[in-house]
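Next comes query-v2.csv, with CSV, C-alpha atoms.
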chain,number,residue,atom,x,y,z
A,799,MET,CA,0.0,0.0,0.0
A,800,LYS,CA,2.8,2.4,0.8
A,801,LYS,CA,4.5,1.7,-2.5
A,802,VAL,CA,1.2,2.4,-4.4
A,803,ALA,CA,0.7,5.6,-2.5
A,804,GLY,CA,4.3,6.7,-3.3
A,805,ILE,CA,3.7,6.1,-7.0
A,806,SER,CA,0.4,8.0,-7.0
A,807,ARG,CA,2.1,11.0,-5.4
A,808,TRP,CA,4.6,11.2,-8.2
A,809,LEU,CA,1.8,10.8,-10.8
A,810,HIS,CA,0.1,13.9,-9.3
A,811,LEU,CA,3.0,16.0,-10.7
A,812,ILE,CA,1.4,15.5,-14.1
A,813,TYR,CA,-0.9,18.5,-13.3
A,814,LEU,CA,2.2,20.8,-13.7
A,815,GLY,CA,1.5,20.2,-17.4
A,816,ASN,CA,-1.0,23.1,-17.1
A,817,LEU,CA,2.0,25.4,-17.3
A,818,LEU,CA,2.5,24.3,-20.9
A,819,TRP,CA,-0.8,25.5,-22.3
A,820,ALA,CA,0.3,29.2,-22.3
A,821,PRO,CA,3.6,28.8,-24.3
A,822,ILE,CA,2.0,26.2,-26.6
A,823,PHE,CA,-1.2,28.1,-27.6
A,824,ASP,CA,0.0,31.7,-27.3
A,825,PRO,CA,1.3,32.9,-30.6
A,826,ALA,CA,3.3,35.6,-29.0
A,827,ALA,CA,5.1,33.1,-26.7
A,828,ASP,CA,8.9,33.1,-26.8
A,829,TRP,CA,11.8,31.5,-25.0
A,830,VAL,CA,11.1,33.6,-21.9
A,831,ASP,CA,7.7,31.8,-21.4
A,832,TRP,CA,9.4,28.4,-21.7
A,833,ALA,CA,12.1,29.5,-19.3
A,834,LEU,CA,9.3,30.5,-16.8
A,835,VAL,CA,7.8,27.0,-17.0
A,836,ALA,CA,11.2,25.5,-16.3
A,837,VAL,CA,11.9,27.8,-13.4
A,838,VAL,CA,8.5,27.0,-11.8
A,839,ALA,CA,8.9,23.3,-12.2
A,840,VAL,CA,12.5,23.3,-10.8
A,841,ALA,CA,11.4,25.4,-7.8
A,842,PHE,CA,8.2,23.5,-7.0
A,843,VAL,CA,9.2,19.9,-7.3
A,844,PRO,CA,11.6,19.9,-4.3
A,845,MET,CA,8.9,21.5,-2.2
A,846,TYR,CA,6.4,18.9,-3.3
A,847,VAL,CA,8.8,16.1,-2.3
A,848,LEU,CA,9.6,17.7,1.0
A,849,ALA,CA,5.9,18.0,1.9
A,850,TRP,CA,5.4,14.2,1.9
A,851,HIS,CA,8.5,13.4,3.7
A,852,ARG,CA,8.4,16.2,6.4
A,853,PRO,CA,4.8,17.0,7.2
A,854,ASP,CA,5.9,19.0,10.2
A,855,ARG,CA,7.6,21.6,7.9
A,856,VAL,CA,4.9,21.9,5.3
A,857,ARG,CA,3.5,25.3,6.3
A,858,TRP,CA,6.7,27.4,6.0
A,859,TRP,CA,8.8,25.3,3.7
A,860,CYS,CA,6.2,24.2,1.2
A,861,LEU,CA,2.8,25.9,1.6
A,862,VAL,CA,3.8,29.5,1.9
A,863,PRO,CA,6.5,29.3,-0.8
A,864,THR,CA,4.1,27.6,-3.2
A,865,VAL,CA,1.5,30.4,-2.7
A,866,VAL,CA,4.2,33.0,-3.3
A,867,LEU,CA,5.5,31.2,-6.4
A,868,GLY,CA,2.0,31.0,-7.8
A,869,ALA,CA,1.2,34.6,-7.1
A,870,LEU,CA,4.4,35.7,-8.9
A,871,THR,CA,4.0,33.6,-12.0
A,872,THR,CA,0.2,33.4,-12.6
A,873,PRO,CA,0.0,36.9,-14.1
A,874,PHE,CA,2.4,35.7,-16.8
A,875,ASN,CA,1.1,32.1,-17.2
A,876,THR,CA,-2.5,31.3,-16.1
A,877,GLY,CA,-1.5,27.6,-15.9
A,878,ALA,CA,0.6,28.5,-12.9
A,879,ALA,CA,-2.7,28.8,-11.0
A,880,VAL,CA,-2.4,25.0,-10.5
A,881,LEU,CA,0.1,25.8,-7.8
A,882,PHE,CA,-2.8,27.1,-5.7
A,883,VAL,CA,-4.3,23.6,-6.0
A,884,TYR,CA,-1.1,22.1,-4.8
A,885,ALA,CA,-1.0,24.7,-2.0
A,886,ALA,CA,-4.6,23.6,-1.0
A,887,ALA,CA,-3.3,20.0,-0.8
A,888,PHE,CA,-0.4,21.1,1.4
A,889,ALA,CA,-2.9,22.9,3.7
A,890,GLY,CA,-5.1,19.8,3.9
A,891,LEU,CA,-2.0,17.7,4.7
A,892,ALA,CA,-0.5,19.8,7.5
A,893,GLU,CA,-3.2,21.9,9.0
A,894,SER,CA,-6.4,21.3,11.0
A,895,ARG,CA,-9.7,21.3,9.2
A,896,ARG,CA,-10.5,24.8,10.4
A,897,VAL,CA,-7.1,26.3,9.4
A,898,ALA,CA,-7.2,24.5,6.1
A,899,MET,CA,-10.6,26.0,5.3
A,900,ARG,CA,-9.1,29.5,5.9
A,901,TRP,CA,-6.3,28.7,3.5
A,902,PHE,CA,-8.9,27.6,0.9
A,903,VAL,CA,-10.8,30.8,1.2
A,904,ALA,CA,-7.6,32.9,0.9
A,905,LEU,CA,-6.4,30.9,-2.1
A,906,SER,CA,-9.8,31.3,-3.8
A,907,ALA,CA,-9.8,35.0,-3.2
A,908,LEU,CA,-6.3,35.2,-4.8
A,909,ILE,CA,-7.5,33.3,-7.9
A,910,CYS,CA,-10.6,35.5,-8.1
A,911,LEU,CA,-8.3,38.6,-8.0
A,912,PHE,CA,-6.3,37.3,-10.9
A,913,GLY,CA,-9.6,36.5,-12.6
A,914,VAL,CA,-10.8,40.1,-12.3
A,915,VAL,CA,-7.5,41.3,-13.7
A,916,SER,CA,-7.9,38.8,-16.6
A,917,VAL,CA,-11.4,40.0,-17.4
A,918,VAL,CA,-10.0,43.6,-17.8
A,919,GLU,CA,-6.8,42.8,-19.7
A,920,MET,CA,-7.0,39.3,-21.2
A,921,PRO,CA,-10.5,37.7,-20.9
A,922,TYR,CA,-9.5,34.4,-22.5
A,923,ARG,CA,-7.2,33.7,-19.6
A,924,LEU,CA,-10.2,33.5,-17.3
A,925,TRP,CA,-10.8,29.9,-18.5
A,926,GLY,CA,-7.3,29.0,-17.3
A,927,LEU,CA,-8.1,30.1,-13.8
A,928,LEU,CA,-11.6,28.5,-13.4
A,929,PRO,CA,-10.5,24.8,-13.2
A,930,SER,CA,-7.9,25.7,-10.6
A,931,LEU,CA,-10.6,27.4,-8.5
A,932,ILE,CA,-12.8,24.3,-8.6
A,933,PHE,CA,-10.1,21.7,-8.0
A,934,LEU,CA,-8.6,23.8,-5.2
A,935,TRP,CA,-11.7,23.0,-3.1
A,936,LEU,CA,-12.1,19.5,-4.4
A,937,ILE,CA,-8.5,18.4,-3.8
A,938,GLY,CA,-8.1,20.4,-0.6
A,939,ILE,CA,-11.2,18.9,1.1
A,940,LEU,CA,-10.2,15.4,0.0
A,941,GLN,CA,-6.7,15.9,1.4
A,942,VAL,CA,-8.2,17.1,4.7
A,943,GLU,CA,-10.3,13.9,5.0
A,944,TRP,CA,-7.4,11.7,4.1
A,945,SER,CA,-5.1,13.5,6.6
A,946,GLU,CA,-7.6,13.3,9.4
A,947,ARG,CA,-8.1,9.6,8.7
A,948,ASP,CA,-4.3,9.0,8.8
A,949,ARG,CA,-3.9,11.0,12.0
A,950,GLU,CA,-6.8,9.1,13.7
A,951,GLY,CA,-5.2,5.8,12.6
A,952,ALA,CA,-1.8,6.9,14.0
A,953,GLU,CA,-3.5,7.9,17.3
A,954,LEU,CA,-5.4,4.6,17.4
A,955,ARG,CA,-2.1,2.7,17.0
A,956,ILE,CA,-0.5,4.7,19.8
A,957,ARG,CA,-3.5,4.1,22.1
A,958,THR,CA,-3.5,0.4,21.2
A,959,ALA,CA,0.3,0.2,22.0
A,960,ARG,CA,-0.3,2.0,25.3
A,961,ILE,CA,-3.2,-0.4,26.2
A,962,GLU,CA,-1.0,-3.4,25.3
A,963,HIS,CA,1.8,-2.0,27.5
A,964,LEU,CA,-0.5,-1.4,30.4
A,965,ALA,CA,-2.1,-4.8,30.0
A,966,THR,CA,1.4,-6.4,30.0
A,967,LEU,CA,2.3,-4.5,33.2
A,968,ALA,CA,-1.0,-5.5,34.8
A,969,GLU,CA,-0.5,-9.2,33.9
A,970,ARG,CA,3.1,-9.1,35.3
A,971,GLU,CA,1.8,-7.6,38.5
A,972,ARG,CA,-0.9,-10.2,38.7
A,973,ILE,CA,1.6,-13.1,38.2
A,974,ALA,CA,3.9,-11.4,40.8
A,975,ARG,CA,1.1,-11.2,43.4
A,976,ASP,CA,0.1,-14.8,42.7
A,977,LEU,CA,3.6,-16.1,43.0
A,978,HIS,CA,4.1,-14.2,46.2
A,979,ASP,CA,0.9,-15.5,47.7
A,980,LEU,CA,1.6,-19.0,46.6
A,981,LEU,CA,5.3,-19.2,47.6
A,982,GLY,CA,4.9,-17.1,50.8
A,983,HIS,CA,2.3,-19.4,52.2
A,984,THR,CA,3.9,-22.7,51.0
A,985,LEU,CA,7.4,-21.8,52.0
A,986,THR,CA,6.2,-20.7,55.4
A,987,ALA,CA,4.4,-24.0,55.9
A,988,ILE,CA,7.5,-26.0,54.8
A,989,ILE,CA,9.8,-24.0,57.1
A,990,LEU,CA,7.4,-24.4,60.1
A,991,ARG,CA,7.2,-28.2,59.5
A,992,ALA,CA,10.9,-28.4,59.2
A,993,GLN,CA,11.3,-26.6,62.5
A,994,LEU,CA,8.9,-29.2,64.0
A,995,VAL,CA,11.1,-32.0,62.7
A,996,ALA,CA,14.1,-30.4,64.4
A,997,ALA,CA,12.3,-29.9,67.6
A,998,ASP,CA,10.7,-33.4,67.7
A,999,PRO,CA,12.7,-36.0,65.7
A,1000,ALA,CA,10.0,-38.6,66.4
A,1001,ARG,CA,7.7,-36.7,64.0
A,1002,ALA,CA,10.3,-36.6,61.2
A,1003,GLN,CA,8.6,-39.2,59.0
A,1004,GLU,CA,5.1,-37.7,59.3
A,1005,GLU,CA,6.3,-34.2,58.8
A,1006,ALA,CA,8.5,-35.1,55.9
A,1007,ALA,CA,5.5,-36.6,54.1
A,1008,GLU,CA,3.6,-33.4,54.7
A,1009,ILE,CA,6.4,-31.3,53.4
A,1010,GLU,CA,6.6,-33.4,50.2
A,1011,GLN,CA,2.8,-33.1,49.7
A,1012,THR,CA,2.9,-29.4,50.3
A,1013,ALA,CA,5.8,-28.9,47.9
A,1014,ARG,CA,4.1,-30.9,45.2
A,1015,ALA,CA,0.8,-29.0,45.6
A,1016,ALA,CA,2.7,-25.7,45.4
A,1017,LEU,CA,4.5,-26.8,42.2
A,1018,GLY,CA,1.2,-27.5,40.6
A,1019,GLU,CA,-0.3,-24.2,41.7
A,1020,ILE,CA,2.7,-22.3,40.5
A,1021,ARG,CA,2.4,-23.9,37.0
A,1022,ASP,CA,-1.3,-22.9,37.0
A,1023,ALA,CA,-0.6,-19.4,38.2
A,1024,VAL,CA,2.0,-18.8,35.4
A,1025,THR,CA,-0.4,-19.9,32.7
A,1026,GLY,CA,-3.3,-18.0,34.3
A,1027,TRP,CA,-5.5,-21.1,34.8
A,1028,ARG,CA,-5.5,-21.2,38.6
A,1029,SER,CA,-8.7,-20.4,40.5
A,1030,ALA,CA,-8.4,-20.6,44.2
A,1031,SER,CA,-11.3,-21.9,46.3
A,1032,LEU,CA,-12.3,-20.2,49.5
A,1033,GLU,CA,-13.4,-23.5,51.1
A,1034,THR,CA,-10.0,-25.1,50.2
A,1035,GLU,CA,-8.1,-22.2,51.7
A,1036,LEU,CA,-10.2,-22.3,54.9
A,1037,GLU,CA,-9.3,-26.0,55.3
A,1038,ALA,CA,-5.7,-25.2,54.6
A,1039,ALA,CA,-5.7,-22.4,57.1
A,1040,ARG,CA,-7.2,-24.6,59.7
A,1041,ALA,CA,-4.6,-27.4,59.1
A,1042,ALA,CA,-1.6,-25.0,58.9
A,1043,LEU,CA,-2.4,-23.1,62.1
A,1044,SER,CA,-3.5,-26.2,64.0
A,1045,SER,CA,-0.1,-27.8,63.3
A,1046,LEU,CA,1.4,-24.8,65.1
A,1047,GLY,CA,-0.8,-25.2,68.1
A,1048,VAL,CA,-3.1,-22.3,67.2
A,1049,GLU,CA,-6.8,-22.9,67.9
A,1050,VAL,CA,-8.8,-22.0,64.8
A,1051,THR,CA,-12.5,-21.1,64.7
A,1052,VAL,CA,-14.2,-20.7,61.3
A,1053,ARG,CA,-17.6,-19.1,61.0
A,1054,ARG,CA,-19.1,-19.0,57.5
A,1055,ASP,CA,-22.6,-17.9,56.4
A,1056,PRO,CA,-23.9,-21.0,54.6
A,1057,GLY,CA,-26.3,-19.0,52.5
A,1058,LEU,CA,-23.6,-17.1,50.6
A,1059,ALA,CA,-23.0,-18.0,47.0
A,1060,ILE,CA,-19.8,-16.2,46.0
A,1061,VAL,CA,-19.0,-15.6,42.3
A,1062,GLY,CA,-15.8,-17.3,41.1
A,1063,SER,CA,-13.7,-14.1,40.5
A,1064,THR,CA,-14.4,-12.7,43.9
A,1065,GLU,CA,-13.9,-16.1,45.6
A,1066,HIS,CA,-10.5,-16.4,44.0
A,1067,GLU,CA,-9.4,-13.0,45.3
A,1068,LEU,CA,-10.8,-13.6,48.8
A,1069,ALA,CA,-9.1,-17.0,48.9
A,1070,LEU,CA,-5.7,-15.5,48.1
A,1071,ALA,CA,-6.3,-12.7,50.6
A,1072,LEU,CA,-7.1,-15.3,53.2
A,1073,ARG,CA,-4.0,-17.2,52.4
A,1074,GLU,CA,-1.8,-14.1,52.8
A,1075,ALA,CA,-3.5,-13.2,56.1
A,1076,VAL,CA,-3.1,-16.7,57.5
A,1077,THR,CA,0.6,-16.8,56.4
A,1078,ASN,CA,1.2,-13.6,58.4
A,1079,VAL,CA,-0.5,-15.1,61.5
A,1080,ALA,CA,1.7,-18.2,61.2
A,1081,ARG,CA,4.9,-16.1,60.7
A,1082,HIS,CA,4.6,-13.2,63.0
A,1083,ALA,CA,1.6,-13.4,65.4
A,1084,GLN,CA,2.7,-16.1,67.9
A,1085,ALA,CA,-1.0,-16.4,68.5
A,1086,ARG,CA,-2.9,-19.0,70.6
A,1087,THR,CA,-6.3,-18.5,68.8
A,1088,CYS,CA,-7.4,-17.3,65.4
A,1089,HIS,CA,-11.0,-16.6,64.3
A,1090,ILE,CA,-12.0,-16.5,60.7
A,1091,GLY,CA,-15.4,-15.3,59.6
A,1092,VAL,CA,-17.1,-15.0,56.2
A,1093,GLU,CA,-20.5,-13.2,56.4
A,1094,ALA,CA,-22.7,-10.6,54.8
A,1095,ARG,CA,-23.3,-7.4,56.7
A,1096,ASP,CA,-24.4,-3.9,55.7
A,1097,GLY,CA,-24.4,-4.6,52.0
A,1098,GLU,CA,-20.9,-6.1,52.1
A,1099,LEU,CA,-19.3,-9.5,52.1
A,1100,ARG,CA,-16.8,-9.5,54.9
A,1101,LEU,CA,-13.9,-11.8,55.4
A,1102,VAL,CA,-12.4,-11.3,58.9
A,1103,ILE,CA,-9.2,-12.9,60.2
A,1104,ALA,CA,-8.5,-12.0,63.9
A,1105,ASP,CA,-5.8,-13.4,66.1
A,1106,ASP,CA,-4.7,-12.8,69.7
A,1107,GLY,CA,-1.0,-12.6,69.0
A,1108,VAL,CA,1.6,-10.0,69.7
A,1109,GLY,CA,0.2,-7.4,67.2
A,1110,GLY,CA,2.6,-4.6,66.5
A,1111,HIS,CA,2.7,-1.7,64.1
A,1112,ALA,CA,5.3,-3.0,61.6
A,1113,PRO,CA,5.0,-1.4,58.1
A,1114,GLU,CA,3.0,-3.3,55.5
A,1115,GLY,CA,4.8,-5.7,53.3
A,1116,ASN,CA,4.3,-6.8,49.7
A,1117,GLY,CA,1.7,-9.3,50.7
A,1118,LEU,CA,-0.7,-6.9,52.3
A,1119,THR,CA,-0.1,-4.3,49.6
A,1120,GLY,CA,-0.9,-7.0,47.0
A,1121,MET,CA,-4.0,-7.9,49.0
A,1122,ARG,CA,-5.2,-4.3,48.9
A,1123,GLU,CA,-4.7,-4.1,45.2
A,1124,ARG,CA,-6.7,-7.3,44.6
A,1125,ILE,CA,-9.6,-6.2,46.7
A,1126,ALA,CA,-9.5,-2.6,45.4
A,1127,ALA,CA,-10.0,-4.0,41.9
A,1128,LEU,CA,-13.3,-5.5,43.2
A,1129,GLY,CA,-14.4,-2.2,44.6
A,1130,GLY,CA,-13.6,-3.3,48.2
A,1131,LEU,CA,-11.4,-2.3,51.0
A,1132,VAL,CA,-8.9,-3.9,53.4
A,1133,ALA,CA,-8.7,-2.7,57.0
A,1134,ARG,CA,-5.9,-3.8,59.4
A,1135,THR,CA,-6.3,-3.0,63.1
A,1136,VAL,CA,-3.8,-3.8,65.8
A,1137,SER,CA,-4.6,-3.9,69.5
A,1138,ALA,CA,-4.5,-7.2,71.5
A,1139,GLY,CA,-3.6,-9.1,68.4
A,1140,THR,CA,-4.3,-8.2,64.8
A,1141,THR,CA,-7.5,-8.1,62.9
A,1142,VAL,CA,-7.7,-8.0,59.1
A,1143,THR,CA,-11.1,-7.1,57.6
A,1144,ILE,CA,-11.7,-7.5,53.9
A,1145,ALA,CA,-15.0,-6.0,52.7
A,1146,VAL,CA,-16.4,-6.4,49.1
A,1147,PRO,CA,-19.8,-5.0,47.9
A,1148,LEU,CA,-22.4,-7.8,47.9
A,1149,LYS,CA,-23.5,-6.9,44.4
A,1150,VAL,CA,-20.0,-7.7,43.2
A,1151,ALA,CA,-19.3,-10.7,45.4
A,1152,THR,CA,-22.6,-12.7,45.1

Here is the file; what I need is its structure written in the form of structure tokens.
Amino acid sequence: MKKVAGISRWLHLIYLGNLLWAPIFDPAADWVDWALVAVVAVAFVPMYVLAWHRPDRVRWWCLVPTVVLGALTTPFNTGAAVLFVYAAAFAGLAESRRVAMRWFVALSALICLFGVVSVVEMPYRLWGLLPSLIFLWLIGILQVEWSERDREGAELRIRTARIEHLATLAERERIARDLHDLLGHTLTAIILRAQLVAADPARAQEEAAEIEQTARAALGEIRDAVTGWRSASLETELEAARAALSSLGVEVTVRRDPGLAIVGSTEHELALALREAVTNVARHAQARTCHIGVEARDGELRLVIADDGVGGHAPEGNGLTGMRERIAALGGLVARTVSAGTTVTIAVPLKVAT
């Protein structure tokens, strides 16, 4: 397509042939008239080529010089009025629609001025100006339409590239959060079980089997996370939380509203948030009890994880930050309160969650 467009642009130079009508059909024409044709052609062609290669310089390097060239030569050769048609094309190429229309009006007025002079001095030359006046508007408006279409296409390509870039970044962040949630929980469970083995060698065989099972499950989850196929289950995470914390001697109480039917996308995010919160309890809380609740209240679905551990006001890590980002994408909020222990409350609008 670009090659065809390039060839057609060169073909448009054929309209410079209008310059030949005056020296060919004027009996009084001499070598000066032919020299004028040559000078106009030599001066105009470089501007024409530049216009298509450097649209940013069209106004002052092509459009204005072409108008000046046409104004200087049209009184001597009416065929030079074709330069005003080229000028209209340049205006349509480089200017906005409104500015281009102003150029068209100005060029038309200039041609009409030459027409008035021709009526007084050489009436037959008027017929050489009329086609240029008509084609000035025809070619100019067509060029405005083509240029606007090209600019819109370029803007669309830029917007598409930006969207693809943002989508890539969002997907990278999603995978990073998934891997953090998966590896953080799993590695914590493995470390804690390894510590149990060191503290109680009699449990080595049992805990080694649990470590192997946990590692194999984590490997499968990581593969699913990378390919984007993983969908976490809140019920599964509740059971995993109960098992992980119970193995550390933490008494776990789970209260879930049986009437809640949670949509898959929300359940996935809540399950990962629960996993992160339970991982923090296992790592840092030194708790004796942990209460987990899933219920509907005040138009919200709330997931609450509360422990009676040491609490503290340590800065939030990547896990809690990722949790906030996940829940914010659902229109929800994450609140963390620290007093006698730590309570994490995750609230999502019911209209989104159920």

Rounded to one decimal place, report the CA of His1089 (chain A)-CA of Ala1127 (chain A) distance in Å.
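The value is 25.7 Å.
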
Name all residues at most 8 Å from region 1136-1143 of chain A (count only C-alpha atoms; drop same-chain ones fewer than 3 positions away) and give them as a ChimeraX atom specification.
/A:1075,1083,1085,1100-1111,1132-1133

So that I can see what lies close to Asp1096 (chain A), please list as a tab-separated table (two decimals) with C-alpha atoms, in the frame of the given file the residues with an atom at most 12 Å from it, counting only C-alpha atoms and leaving out residues fewer than 2 positions away in the same chain.
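As a result, out29.tsv now contains:
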chain	number	residue	atom	x	y	z
A	1093	GLU	CA	-20.50	-13.20	56.40
A	1094	ALA	CA	-22.70	-10.60	54.80
A	1098	GLU	CA	-20.90	-6.10	52.10
A	1099	LEU	CA	-19.30	-9.50	52.10
A	1100	ARG	CA	-16.80	-9.50	54.90
A	1145	ALA	CA	-15.00	-6.00	52.70
A	1146	VAL	CA	-16.40	-6.40	49.10
A	1147	PRO	CA	-19.80	-5.00	47.90
A	1148	LEU	CA	-22.40	-7.80	47.90
A	1149	LYS	CA	-23.50	-6.90	44.40

Residue neighbourhood Ala1039 (chain A), 9 Å, all atoms listed in the file, exclusion window fewer than 2 positions, as a count of residues only:
13

Separation of CA of Arg957 (chain A) from CA of Gly890 (chain A) in Å:
24.1 Å

Which residue of A:Arg1054, A:Arg1095, A:Arg1124, A:Arg895 approaches His1066 (chain A) most closely, using all atoms listed in the file:
A:Arg1124
